[in-house]
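The file protein_18.txt comes next; it holds compact mmCIF, C-alpha atoms and all ligand atoms.
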```txt
# COMPACT_ATOMS: atom_id res chain seq x y z
CA MET U 1 -23.69 -33.29 50.08
CA SER U 2 -21.18 -31.68 47.73
CA GLU U 3 -18.70 -29.13 49.08
CA VAL U 4 -19.31 -26.86 46.11
CA LEU U 5 -22.42 -24.71 46.40
CA ALA U 6 -24.95 -24.92 43.59
CA VAL U 7 -25.24 -21.13 43.76
CA ASP U 8 -22.90 -18.79 45.59
CA ALA U 9 -23.83 -15.16 45.06
CA ALA U 10 -21.98 -12.52 47.06
CA ASP U 11 -22.92 -8.88 47.35
CA LEU U 12 -24.64 -8.61 43.97
CA THR U 13 -25.78 -5.17 42.94
CA LYS U 14 -27.77 -3.96 39.95
CA ILE U 15 -28.94 -0.40 39.58
CA TYR U 16 -31.27 0.92 36.86
CA GLY U 17 -31.27 4.72 36.92
CA ASN U 18 -32.57 5.58 40.36
CA VAL U 19 -33.94 2.07 41.00
CA THR U 20 -31.81 -0.33 43.03
CA ALA U 21 -32.99 -3.67 41.68
CA LEU U 22 -30.37 -5.48 43.78
CA GLY U 23 -28.68 -3.67 46.62
CA GLY U 24 -25.90 -6.12 47.48
CA ILE U 25 -27.58 -9.46 48.00
CA SER U 26 -25.86 -12.70 48.95
CA VAL U 27 -27.50 -16.07 48.34
CA GLN U 28 -26.05 -19.51 48.92
CA VAL U 29 -27.83 -22.60 47.65
CA ALA U 30 -26.46 -26.00 48.66
CA GLU U 31 -26.58 -28.82 46.16
CA GLY U 32 -29.68 -30.98 46.53
CA GLU U 33 -31.94 -28.49 48.25
CA VAL U 34 -35.10 -26.71 47.19
CA TYR U 35 -34.41 -23.03 47.68
CA GLY U 36 -36.95 -20.22 47.51
CA ILE U 37 -36.33 -16.61 46.54
CA LEU U 38 -39.32 -14.90 48.00
CA GLY U 39 -40.53 -11.34 47.81
CA PRO U 40 -43.30 -9.04 46.65
CA ASN U 41 -43.40 -7.51 43.17
CA GLY U 42 -40.33 -5.43 42.48
CA ALA U 43 -38.22 -7.11 45.17
CA GLY U 44 -35.54 -8.08 42.66
CA LYS U 45 -36.22 -11.80 42.29
CA THR U 46 -36.28 -11.90 38.49
CA THR U 47 -33.23 -9.65 38.28
CA PHE U 48 -31.34 -12.19 40.35
CA LEU U 49 -32.55 -15.14 38.28
CA ARG U 50 -31.68 -13.31 35.05
CA MET U 51 -28.15 -12.93 36.37
CA LEU U 52 -27.93 -16.66 36.96
CA PHE U 53 -28.69 -17.25 33.29
CA GLY U 54 -26.27 -14.54 32.22
CA LEU U 55 -29.07 -12.47 30.69
CA ILE U 56 -27.81 -9.49 32.67
CA ARG U 57 -24.56 -8.82 34.48
CA PRO U 58 -24.24 -7.46 38.00
CA ASP U 59 -22.80 -3.97 38.48
CA SER U 60 -20.71 -5.45 41.28
CA GLY U 61 -20.45 -8.61 43.34
CA THR U 62 -19.66 -12.18 42.39
CA LEU U 63 -21.79 -15.07 41.24
CA GLN U 64 -20.74 -18.68 41.01
CA VAL U 65 -22.80 -21.64 39.85
CA PHE U 66 -21.29 -24.99 40.87
CA GLY U 67 -18.04 -23.14 41.38
CA ARG U 68 -18.04 -21.52 37.94
CA SER U 69 -18.37 -17.86 37.12
CA TRP U 70 -19.30 -15.98 33.97
CA GLU U 71 -15.92 -14.25 34.07
CA SER U 72 -13.89 -17.46 34.04
CA HIS U 73 -16.17 -19.93 32.23
CA GLY U 74 -18.41 -17.80 29.99
CA ILE U 75 -21.41 -19.76 28.70
CA GLY U 76 -19.93 -22.86 30.37
CA VAL U 77 -21.50 -21.61 33.60
CA LEU U 78 -24.82 -22.83 32.29
CA GLU U 79 -23.68 -26.42 32.00
CA GLY U 80 -25.97 -28.30 34.32
CA VAL U 81 -28.38 -25.38 34.69
CA ALA U 82 -31.84 -25.22 33.13
CA GLY U 83 -35.12 -23.51 33.77
CA PHE U 84 -37.16 -20.59 32.64
CA ILE U 85 -37.68 -16.93 33.44
CA GLU U 86 -41.31 -15.84 33.49
CA SER U 87 -43.40 -18.28 31.39
CA PRO U 88 -41.99 -20.88 29.00
CA LYS U 89 -42.82 -20.30 25.33
CA PHE U 90 -43.96 -23.01 22.90
CA TYR U 91 -45.41 -23.36 19.42
CA PRO U 92 -49.16 -23.53 20.14
CA GLY U 93 -49.97 -25.33 16.89
CA LEU U 94 -47.64 -28.22 17.68
CA THR U 95 -48.13 -31.02 20.18
CA GLY U 96 -46.38 -31.03 23.51
CA ARG U 97 -44.18 -33.87 22.36
CA LYS U 98 -43.28 -32.17 19.07
CA ASN U 99 -42.30 -29.02 20.95
CA LEU U 100 -40.00 -31.06 23.16
CA GLU U 101 -38.48 -32.79 20.12
CA LEU U 102 -37.77 -29.42 18.51
CA LEU U 103 -36.20 -28.04 21.65
CA ALA U 104 -34.09 -31.15 22.14
CA GLY U 105 -32.97 -30.78 18.51
CA LEU U 106 -31.57 -27.33 19.29
CA ASP U 107 -29.39 -28.98 21.94
CA GLY U 108 -28.17 -31.71 19.61
CA GLY U 109 -31.13 -34.09 19.86
CA THR U 110 -32.26 -36.74 22.30
CA THR U 111 -33.85 -40.17 22.30
CA PRO U 112 -37.60 -40.85 22.16
CA THR U 113 -37.18 -42.69 25.46
CA ARG U 114 -35.81 -39.58 27.15
CA ILE U 115 -38.78 -37.57 25.87
CA ASP U 116 -41.08 -40.27 27.28
CA GLU U 117 -39.30 -40.01 30.61
CA VAL U 118 -39.58 -36.25 31.00
CA LEU U 119 -43.21 -36.30 29.88
CA ASP U 120 -43.86 -38.93 32.51
CA THR U 121 -42.04 -36.92 35.19
CA VAL U 122 -44.25 -33.88 34.59
CA ASP U 123 -47.36 -36.02 34.23
CA LEU U 124 -48.09 -35.11 30.61
CA THR U 125 -47.82 -38.54 29.00
CA GLU U 126 -51.56 -38.66 28.33
CA ARG U 127 -51.64 -35.19 26.75
CA GLN U 128 -48.40 -35.35 24.77
CA ARG U 129 -50.19 -35.69 21.39
CA ARG U 130 -52.41 -32.66 21.96
CA LYS U 131 -51.57 -29.21 20.63
CA VAL U 132 -50.01 -26.92 23.21
CA GLY U 133 -52.52 -24.21 22.25
CA GLY U 134 -55.16 -26.29 24.03
CA TYR U 135 -53.08 -26.83 27.17
CA SER U 136 -54.03 -25.21 30.43
CA PHE U 137 -51.57 -22.71 31.86
CA GLY U 138 -50.46 -25.29 34.42
CA MET U 139 -49.81 -27.88 31.71
CA ARG U 140 -47.69 -25.37 29.82
CA GLN U 141 -45.70 -24.67 32.96
CA ARG U 142 -45.13 -28.39 33.43
CA LEU U 143 -44.12 -28.75 29.78
CA GLY U 144 -41.61 -25.97 30.49
CA VAL U 145 -40.19 -28.05 33.30
CA ALA U 146 -40.06 -31.07 30.95
CA ALA U 147 -38.15 -29.00 28.40
CA SER U 148 -35.69 -28.00 31.12
CA LEU U 149 -35.25 -31.58 32.26
CA LEU U 150 -34.23 -32.59 28.74
CA ARG U 151 -30.97 -30.81 29.45
CA ASP U 152 -30.33 -33.12 32.42
CA PRO U 153 -29.69 -30.23 34.77
CA ARG U 154 -28.19 -30.39 38.24
CA LEU U 155 -29.86 -27.07 39.00
CA LEU U 156 -33.38 -26.22 37.90
CA VAL U 157 -34.36 -22.55 38.07
CA LEU U 158 -38.05 -21.71 38.04
CA ASP U 159 -39.37 -18.15 38.05
CA GLU U 160 -42.72 -18.00 39.88
CA PRO U 161 -43.69 -21.49 38.68
CA ALA U 162 -47.09 -21.41 40.38
CA ASN U 163 -47.98 -17.85 39.35
CA GLY U 164 -51.35 -17.75 37.61
CA LEU U 165 -52.16 -21.38 38.34
CA ASP U 166 -55.49 -22.49 39.75
CA PRO U 167 -55.48 -24.50 43.01
CA ALA U 168 -55.22 -27.82 41.15
CA GLY U 169 -52.35 -26.45 39.06
CA ILE U 170 -50.58 -25.26 42.19
CA ARG U 171 -51.03 -28.69 43.79
CA ASP U 172 -49.61 -30.42 40.69
CA MET U 173 -46.67 -28.03 40.43
CA ARG U 174 -45.90 -28.45 44.13
CA ALA U 175 -45.98 -32.25 43.76
CA LEU U 176 -43.73 -32.01 40.71
CA VAL U 177 -41.13 -29.90 42.51
CA LYS U 178 -41.15 -32.36 45.41
CA ARG U 179 -40.64 -35.29 43.01
CA LEU U 180 -37.74 -33.50 41.33
CA ALA U 181 -36.16 -32.67 44.68
CA ALA U 182 -36.52 -36.28 45.77
CA SER U 183 -34.56 -37.29 42.68
CA GLY U 184 -31.65 -35.19 43.94
CA LEU U 185 -32.07 -32.17 41.69
CA THR U 186 -31.30 -28.77 43.17
CA VAL U 187 -34.26 -26.46 42.62
CA LEU U 188 -34.15 -22.68 42.90
CA LEU U 189 -37.53 -21.06 42.55
CA SER U 190 -38.90 -17.59 43.00
CA SER U 191 -42.28 -16.72 44.40
CA HIS U 192 -44.25 -13.88 45.94
CA ASP U 193 -46.34 -16.32 47.93
CA MET U 194 -45.12 -17.62 51.26
CA GLY U 195 -47.87 -20.24 51.30
CA GLU U 196 -46.49 -21.64 48.07
CA VAL U 197 -42.91 -22.06 49.23
CA GLU U 198 -43.30 -22.99 52.88
CA HIS U 199 -44.19 -26.59 52.07
CA ILE U 200 -41.65 -27.22 49.33
CA CYS U 201 -38.54 -25.19 50.16
CA ASP U 202 -35.85 -26.08 52.68
CA ASP U 203 -34.30 -22.62 52.80
CA VAL U 204 -35.42 -19.20 51.63
CA THR U 205 -34.10 -15.76 50.95
CA ILE U 206 -36.78 -13.15 51.49
CA MET U 207 -36.23 -9.92 49.59
CA ARG U 208 -37.72 -6.47 49.69
CA THR U 209 -36.80 -3.69 47.24
CA GLY U 210 -33.45 -5.22 46.34
CA SER U 211 -32.38 -6.17 49.85
CA VAL U 212 -32.36 -9.42 51.78
CA VAL U 213 -34.59 -9.22 54.86
CA TYR U 214 -34.21 -12.89 55.81
CA HIS U 215 -32.22 -15.85 54.75
CA GLY U 216 -32.23 -19.18 56.41
CA SER U 217 -34.35 -22.23 56.86
CA ILE U 218 -38.12 -22.34 56.75
CA ALA U 219 -37.94 -24.18 60.07
CA ALA U 220 -36.05 -21.28 61.72
CA LEU U 221 -38.44 -18.79 60.15
CA ARG U 222 -41.40 -20.73 61.48
CA GLU U 223 -40.01 -20.41 65.02
CA GLN U 224 -40.06 -16.62 64.70
CA ALA U 225 -43.54 -16.42 63.25
CA PRO U 226 -46.26 -14.80 65.33
CA ALA U 227 -49.27 -16.73 66.55
CA GLN U 228 -52.04 -17.52 64.11
CA ALA U 229 -54.39 -14.60 63.42
CA HIS U 230 -58.15 -15.02 63.57
CA ARG U 231 -60.86 -12.69 62.36
CA ILE U 232 -63.69 -12.34 64.84
CA ALA U 233 -66.98 -10.53 64.24
CA THR U 234 -69.59 -10.14 66.97
CA THR U 235 -72.72 -8.18 67.78
CA ASP U 236 -70.65 -6.00 70.14
CA ASP U 237 -67.05 -5.66 68.92
CA ASP U 238 -66.19 -3.00 71.54
CA ALA U 239 -67.01 -5.40 74.36
CA ALA U 240 -65.34 -8.31 72.55
CA GLU U 241 -62.18 -6.22 72.15
CA LYS U 242 -62.14 -5.51 75.90
CA LEU U 243 -62.49 -9.22 76.63
CA ALA U 244 -59.57 -9.96 74.27
CA ARG U 245 -57.42 -7.34 75.96
CA ALA U 246 -58.37 -8.72 79.38
CA ARG U 247 -56.88 -12.01 78.21
CA ASP U 248 -53.79 -10.11 77.04
CA LEU U 249 -54.32 -11.11 73.42
CA ASP U 250 -52.84 -9.10 70.53
CA VAL U 251 -55.98 -7.50 69.05
CA THR U 252 -56.55 -4.92 66.33
CA ARG U 253 -59.78 -3.49 64.96
CA THR U 254 -60.54 -4.08 61.29
CA GLU U 255 -63.42 -3.09 59.04
CA GLU U 256 -64.89 -6.56 59.48
CA GLY U 257 -64.45 -6.73 63.28
CA LEU U 258 -61.38 -7.83 65.21
CA ALA U 259 -58.11 -9.44 64.19
CA VAL U 260 -56.83 -11.42 67.15
CA ARG U 261 -53.54 -13.26 67.42
CA GLY U 262 -53.11 -16.14 69.80
CA THR U 263 -52.84 -19.87 70.08
CA GLN U 264 -55.94 -21.89 69.29
CA ASP U 265 -56.51 -22.55 73.03
CA ARG U 266 -56.50 -18.86 73.86
CA ILE U 267 -58.81 -18.02 70.96
CA ASP U 268 -61.17 -20.78 72.11
CA SER U 269 -61.21 -19.26 75.60
CA LEU U 270 -61.91 -15.81 74.19
CA VAL U 271 -64.84 -17.13 72.15
CA ALA U 272 -66.21 -18.75 75.31
CA ASP U 273 -65.84 -15.40 77.15
CA ILE U 274 -67.62 -13.55 74.36
CA VAL U 275 -70.56 -15.95 74.23
CA GLY U 276 -70.62 -16.13 78.05
CA ALA U 277 -71.00 -12.33 78.16
CA GLY U 278 -74.16 -12.61 76.08
CA ILE U 279 -72.52 -11.35 72.86
CA ALA U 280 -73.35 -13.28 69.70
CA MET U 281 -70.62 -14.46 67.35
CA ARG U 282 -71.16 -13.44 63.74
CA GLY U 283 -67.96 -14.78 62.31
CA LEU U 284 -64.76 -16.62 63.21
CA SER U 285 -62.21 -17.37 60.51
CA LEU U 286 -58.51 -17.99 60.15
CA ASP U 287 -56.57 -15.11 58.72
CA GLU U 288 -53.11 -15.40 57.15
CA THR U 289 -50.93 -18.26 58.38
CA PRO U 290 -48.18 -17.38 60.88
CA LEU U 291 -45.52 -17.61 58.17
CA GLU U 292 -47.54 -15.44 55.81
CA ALA U 293 -47.96 -12.90 58.61
CA LEU U 294 -44.20 -12.86 59.20
CA PHE U 295 -43.56 -12.54 55.47
CA PHE U 296 -45.78 -9.44 55.33
CA MET U 297 -44.11 -8.03 58.42
CA LEU U 298 -40.71 -8.43 56.79
CA THR U 299 -41.71 -7.16 53.36
CA GLU U 300 -44.32 -4.51 54.22
CA PRO U 301 -43.10 -3.16 57.56
CA ALA U 302 -44.85 0.19 57.11
CA THR U 303 -48.27 -1.46 57.14
CA HIS U 304 -47.40 -4.09 59.73
CA THR U 305 -45.54 -2.05 62.33
CA ALA U 306 -47.85 -3.03 65.18
CA ALA U 307 -47.36 -6.70 64.49
CA LEU U 308 -43.62 -6.22 64.07
CA ASP U 309 -43.30 -5.19 67.71
CA GLY U 310 -43.64 -8.81 68.66
CA ALA U 311 -41.33 -10.31 66.06
CA THR U 312 -37.69 -10.04 65.19
CA PRO U 313 -36.93 -9.20 61.58
CA ALA U 314 -34.68 -12.06 60.85
CA THR U 315 -31.38 -12.55 59.18
CA SER U 316 -29.99 -15.94 59.74
CA GLY U 317 -27.05 -17.46 57.99
CA ALA U 318 -28.45 -20.94 58.33
CA HIS U 319 -26.30 -22.59 55.72
CA GLN U 320 -24.12 -25.46 56.68
N1 LIG P 401 -34.45 -3.51 32.68
C1 LIG P 401 -34.88 -2.74 33.68
N2 LIG P 401 -34.90 -1.41 33.58
C2 LIG P 401 -35.31 -0.63 34.60
N3 LIG P 401 -35.77 -1.11 35.79
C3 LIG P 401 -35.78 -2.44 35.94
C4 LIG P 401 -35.37 -3.33 34.91
N4 LIG P 401 -35.49 -4.60 35.37
C5 LIG P 401 -35.98 -4.51 36.62
N5 LIG P 401 -36.15 -3.22 36.96
C6 LIG P 401 -36.66 -2.72 38.23
O1 LIG P 401 -35.95 -3.39 39.26
C7 LIG P 401 -36.82 -3.73 40.35
C8 LIG P 401 -36.77 -5.22 40.58
O2 LIG P 401 -37.41 -5.86 39.48
P1 LIG P 401 -37.59 -7.44 39.39
O3 LIG P 401 -38.31 -7.73 38.12
O4 LIG P 401 -36.29 -8.10 39.61
O5 LIG P 401 -38.54 -7.72 40.62
P2 LIG P 401 -39.33 -9.02 40.99
O6 LIG P 401 -39.07 -9.29 42.42
O7 LIG P 401 -39.00 -10.11 40.04
O8 LIG P 401 -40.81 -8.57 40.82
P3 LIG P 401 -41.93 -9.08 39.82
O9 LIG P 401 -42.51 -10.28 40.47
O10 LIG P 401 -42.87 -7.93 39.75
O11 LIG P 401 -41.24 -9.37 38.51
C9 LIG P 401 -38.19 -3.21 39.96
O12 LIG P 401 -38.36 -1.95 40.56
C10 LIG P 401 -38.13 -3.11 38.47
O13 LIG P 401 -38.98 -2.10 37.98
```
Mind turning the file's structure into structure tokens?
Ligand SMILES: Nc1ncnc2c1ncn2[C@@H]1O[C@H](COP(=O)(O)OP(=O)(O)OP(=O)(O)O)[C@@H](O)[C@H]1O
Amino acid sequence: MSEVLAVDAADLTKIYGNVTALGGISVQVAEGEVYGILGPNGAGKTTFLRMLFGLIRPDSGTLQVFGRSWESHGIGVLEGVAGFIESPKFYPGLTGRKNLELLAGLDGGTTPTRIDEVLDTVDLTERQRRKVGGYSFGMRQRLGVAASLLRDPRLLVLDEPANGLDPAGIRDMRALVKRLAASGLTVLLSSHDMGEVEHICDDVTIMRTGSVVYHGSIAALREQAPAQAHRIATTDDDAAEKLARARDLDVTRTEEGLAVRGTQDRIDSLVADIVGAGIAMRGLSLDETPLEALFFMLTEPATHTAALDGATPATSGAHQ
């Protein structure tokens, strides 16, 4: 792994009037990893990505991409960097391939073989002769990745690449990011969905209102996550709640019944207790995953204070 970080941002701030879009964030992305910038709406993710592309400048702090800064290298910072902020834009009346040819032309042109290659990478070979106007949203996103790949980047930056995609589109995008990572590309992506990043990112920075609330590996984050939550509905929720408390389970009442946290074994035992007490089960379902629960605890502490009692808001400098 290279000594030089793909991205080395230190203490970046950006203030708009009375809104602190970035309140001094530091992010380090090692070359070759898939890195997630995660946070709810308004956390500051896009502001950070815009800075990477030089679309906005920080009020203070430093930002280096492969050891280069805007101050010392100007537009040269973007050498080896490609990607898109929000959704990629194409001519809808032209085919996917024609759009790529036009974009490549703006960068000095490329070979038909290279266009074939990037279309193959994003799995659009079959649809390359169709007009982009007829593409699904997911296909357009993948064409955006293809357009980025034409620049042969070392770092690919994707802003909420799975946003607005249906489950099949999310699956395809996830597979694409994994393929790109396997080829050695560094990928920096933003998301508001923990479920989306937990299977594709090595490390994450979790942000809330311009601040970093966690940075480190997904593996370390997983260790701090609370037990899986289940939703339980019965014919007598009062009695079921008492049984859960008797087993020392973390239980809260919800409109639909009970939310109970615990390992699968302990939940199984509770269900057996409930049925054994002559109470009928009306529903048993998995709630958010442990990592999703931790994400909400970190990013919405006001509404997750009870759950936070059992977890440590994390900041971990897990970069080697
Ligand atoms: N040009 C701007 N002028 C004023 N406020 C801005 C501007 N750009 C961003 N902000 C504010 O900065 C905060 C962070 O915005 P940003 O778009 O970076 O968040 P985000 O995490 O990307 O969220 P989203 O997913 O909603 O885009 C928000 O409160 C936003 O309203």
Margin query: Here is a test: counting all atoms listed in the file, which residue of U:Ser69, U:Gly133, U:Gly278, U:Gly61 is nearest to Tyr91 (chain U)?
Written below: U:Gly133
Next item on the list: In Å, rounded to a single decimal, give me how far CA of Gly195 (chain U) is from CA of Glu288 (chain U).
Entry: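 CA of Glu288 (chain U) sits 9.2 Å away from CA of Gly195 (chain U).
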Notebook entry, point to check: Can you tell me how far CA of Asp123 (chain U) sits from atom O6 of ligand LIG 401 (chain P), in Å to one decimal?
Noted result: 29.2 Å
Next item on the list: Could you report the residues within 7 Å of ligand LIG 401 (chain P), using all atoms listed in the file, as a ChimeraX atom specification?
Entry: /U:16,19-21,39-48,192,209-210
Notebook entry, point to check: Interatomic distance between CA of Leu165 (chain U) and CA of Pro290 (chain U)?
Noted result: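 Straight-line distance from CA of Leu165 (chain U) to CA of Pro290 (chain U) works out to 23.2 Å.
Neighbours of Asp107 (chain U) closer than or equal to 12 Å, with all atoms listed in the file counted and sequence neighbours fewer than 4 positions away skipped, come out as Glu79, Leu100, Glu101, Leu102, Leu103, Ala147, Ser148, Leu150, Arg151 and Asp152 of chain U.
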